[in-house]
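Pasting run_8.txt here (compact mmCIF, C-alpha atoms):
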# COMPACT_ATOMS: atom_id res chain seq x y z
CA MET A 62 14.34 46.03 58.43
CA MET A 63 15.76 46.88 55.03
CA VAL A 64 18.35 45.65 52.59
CA CYS A 65 21.55 47.67 52.85
CA PRO A 66 25.17 47.29 51.77
CA PRO A 67 27.53 45.32 54.02
CA GLY A 68 29.28 47.21 56.80
CA GLY A 69 28.07 49.69 59.35
CA ASN A 70 25.11 48.32 61.29
CA ALA A 71 24.11 45.87 58.54
CA ARG A 72 23.51 42.27 59.64
CA PHE A 73 23.68 39.30 57.31
CA ALA A 74 20.35 37.73 56.32
CA ALA A 75 19.74 34.93 53.81
CA THR A 76 16.56 33.52 52.33
CA PHE A 77 16.40 30.70 49.80
CA TYR A 78 13.29 30.33 47.68
CA GLU A 79 11.66 27.93 45.23
CA VAL A 80 9.04 28.86 42.65
CA LEU A 81 6.04 26.55 43.04
CA GLU A 82 3.69 28.20 40.50
CA ARG A 83 3.84 31.23 38.20
CA PHE A 84 0.92 33.47 37.26
CA ARG A 85 0.52 36.81 35.50
CA GLY A 86 1.81 39.27 38.10
CA PHE A 87 1.98 36.73 40.93
CA THR A 88 4.21 33.84 41.99
CA PHE A 89 3.56 31.15 44.60
CA LEU A 90 6.85 30.56 46.46
CA ARG A 91 8.35 28.31 49.08
CA LEU A 92 10.64 30.44 51.24
CA CYS A 93 13.39 29.01 53.42
CA PRO A 94 14.92 31.61 55.73
CA GLN A 95 18.45 30.73 56.79
CA THR A 96 18.56 33.50 59.37
CA GLY A 97 15.83 35.01 61.52
CA ARG A 98 15.89 38.76 61.08
CA THR A 99 12.84 40.93 61.79
CA HIS A 100 10.57 41.08 58.71
CA GLN A 101 13.24 39.16 56.78
CA LEU A 102 10.97 37.44 54.24
CA ARG A 103 8.88 40.55 53.74
CA VAL A 104 11.94 42.78 53.28
CA HIS A 105 13.71 40.40 50.89
CA LEU A 106 10.69 39.95 48.62
CA HIS A 107 9.92 43.68 48.63
CA HIS A 108 13.56 44.41 47.74
CA LEU A 109 13.30 42.01 44.78
CA GLY A 110 10.19 43.84 43.57
CA HIS A 111 7.83 41.00 44.52
CA PRO A 112 6.19 41.93 47.83
CA ILE A 113 3.98 39.48 49.68
CA VAL A 114 0.31 39.77 48.77
CA ALA A 115 -1.71 41.94 51.16
CA ASP A 116 1.35 43.12 53.08
CA ARG A 117 0.19 46.58 54.15
CA LEU A 118 3.68 47.77 55.10
CA TYR A 119 5.72 46.54 52.13
CA GLU A 120 3.11 46.19 49.35
CA GLY A 121 0.89 49.08 50.39
CA LYS A 122 -2.31 47.04 50.20
CA ALA A 123 -4.00 45.27 53.11
CA ALA A 124 -6.12 42.86 51.05
CA LEU A 125 -6.34 40.96 47.78
CA LYS A 126 -9.63 41.59 46.02
CA LEU A 127 -11.21 40.50 42.76
CA SER A 128 -10.64 44.00 41.37
CA ASP A 129 -6.88 43.40 41.83
CA LEU A 130 -7.07 40.36 39.55
CA VAL A 131 -9.41 41.36 36.72
CA GLU A 132 -9.35 44.29 34.31
CA ARG A 133 -12.81 45.35 35.46
CA LEU A 134 -15.55 43.83 37.55
CA PRO A 135 -18.47 42.27 35.67
CA GLU A 136 -21.55 44.49 35.54
CA GLY A 137 -23.39 44.41 38.86
CA GLN A 138 -20.79 42.24 40.64
CA GLU A 139 -19.49 43.46 43.98
CA ASP A 140 -15.79 43.37 44.69
CA GLU A 141 -14.88 40.15 46.47
CA VAL A 142 -12.16 40.07 49.13
CA PHE A 143 -10.02 36.92 49.10
CA ILE A 144 -7.57 37.68 51.91
CA GLU A 145 -7.21 40.57 54.38
CA ARG A 146 -3.78 39.84 55.81
CA GLN A 147 -0.31 39.01 54.57
CA ALA A 148 -0.40 35.90 52.42
CA LEU A 149 2.45 34.44 54.43
CA HIS A 150 2.25 31.09 56.20
CA ALA A 151 4.72 28.85 58.03
CA LEU A 152 4.11 25.33 56.76
CA ARG A 153 6.77 23.90 59.05
CA LEU A 154 8.67 25.24 62.04
CA CYS A 155 11.59 23.33 63.53
CA PHE A 156 13.71 24.23 66.52
CA ASP A 157 15.52 22.67 69.43
CA HIS A 158 13.71 22.73 72.78
CA PRO A 159 15.54 25.23 75.01
CA VAL A 160 15.61 22.89 78.03
CA THR A 161 15.72 19.32 76.71
CA GLY A 162 17.48 20.03 73.42
CA ALA A 163 14.99 17.74 71.65
CA ARG A 164 14.26 18.67 68.04
CA LEU A 165 10.65 19.87 67.75
CA THR A 166 8.77 20.09 64.44
CA PHE A 167 5.35 21.63 63.92
CA GLU A 168 3.39 21.60 60.66
CA ALA A 169 0.18 23.33 59.57
CA PRO A 170 -1.60 23.26 56.19
CA LEU A 171 -2.38 26.45 54.27
CA PRO A 172 -5.20 28.35 55.99
CA ALA A 173 -8.52 28.75 54.18
CA ASP A 174 -7.96 32.44 53.33
CA ILE A 175 -4.63 31.74 51.63
CA GLU A 176 -6.19 28.78 49.77
CA ARG A 177 -9.02 31.08 48.65
CA ALA A 178 -6.57 33.77 47.45
CA LEU A 179 -4.42 31.20 45.64
CA SER A 180 -7.49 29.72 43.95
CA ALA A 181 -8.57 33.19 42.79
CA VAL A 182 -5.11 33.89 41.36
CA ARG A 183 -5.13 30.51 39.60
CA THR A 184 -8.54 31.33 38.10
CA HIS A 185 -7.95 34.94 37.06
CA ARG A 186 -4.20 35.18 36.48
CA ALA A 187 -3.26 31.84 34.90
CA VAL A 188 -0.38 32.02 32.44
CA ALA A 189 -1.58 31.37 28.89
CA HIS A 190 0.23 28.50 27.22
Spell out the structure here as structure tokens.
Amino acid sequence: MMVCPPGGNARFAATFYEVLERFRGFTFLRLCPQTGRTHQLRVHLHHLGHPIVADRLYEGKAALKLSDLVERLPEGQEDEVFIERQALHALRLCFDHPVTGARLTFEAPLPADIERALSAVRTHRAVAH
């Protein structure tokens, strides 16, 4: 569960990615794993210096809060929590059925907590043009 040089016990792992949106300090990505190693996406992004938001193990934080996005909270405003889990979601999963061999595809939209976190990042960390 870490990036290491080839050889020894190292196993090949590949992840392709596409930048969907850029923000100050954050990037919304589409990730396409080509292999299925344990923690692969989390390890690859951490290794690149861009850990997944609210990834306790690889980012060191278990939530994304307003105080993470603004210089300081407005007077009297409580810190708002946008997401309390890894901001990682499988939009589409495809695999062959183990018995019939039929190709199965499952899709799910972004969950509300990830939408809320993304909206907060768009609001507070937009890139100035």
Given all atoms listed in the file as the basis, pick out the residue of A:Val104, A:His185, A:Thr96, A:Ala151 nearest to A:Arg133. A:His185
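Considering the residues A:Ala71, A:Thr161, A:Asp116, A:Leu90 and counting all atoms listed in the file, A:Arg103 has its shortest atom-to-atom contact with A:Asp116.
Between atom CA of A:Thr76 and atom CA of A:Tyr119 the separation is 16.9 Å.
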If we count all atoms listed in the file and set the cut-off at 10 Å, which residues sit around A:Val142, ignoring sequence neighbours fewer than 5 positions away in its own chain? Please answer as number ranges by chain. A: 124-129, 174, 177-178
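Each of A:Ala169, A:Leu134, A:Ala148, A:Leu154 was checked against A:Val114 using only C-alpha atoms; the smallest atom-to-atom distance is that of A:Ala148.
Of the listed residues (A:Arg83, A:Arg98, A:Arg72, A:Arg117), A:Arg117 comes nearest to A:Gln147; the distances count only C-alpha atoms.
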Separation of atom CA of A:Thr99 from atom CA of A:Gly121, in Å and rounded to one decimal: 18.4 Å
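Those residues that approach A:Phe87 to within 9 Å, counting only C-alpha atoms, are A:Glu82, A:His111, A:Val114, A:Val182, A:Arg186; same-chain residues fewer than 5 positions away are not listed.
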Could you take the residues named above and write them with C-alpha atoms, as a PDB file, in the frame of the given file?
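Writing the result to selection.pdb gives the following:
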ATOM      1  CA  GLU A  82       3.690  28.200  40.500  1.00  0.00           C
ATOM      2  CA  HIS A 111       7.830  41.000  44.520  1.00  0.00           C
ATOM      3  CA  VAL A 114       0.310  39.770  48.770  1.00  0.00           C
ATOM      4  CA  VAL A 182      -5.110  33.890  41.360  1.00  0.00           C
ATOM      5  CA  ARG A 186      -4.200  35.180  36.480  1.00  0.00           C
TER       6      ARG A 186
END
For A:Ser180, which residue among A:Met63, A:Cys155, A:Ile144, A:Leu165 is the nearest when counting only C-alpha atoms? A:Ile144
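Counting from atom CA of A:Gly97, the distance to atom CA of A:Ala75 is 8.6 Å.
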Find the residue from A:Leu179, A:Ala187, A:Ala173, A:Leu102 that sits nearest to A:Arg85; use only C-alpha atoms when measuring. A:Ala187
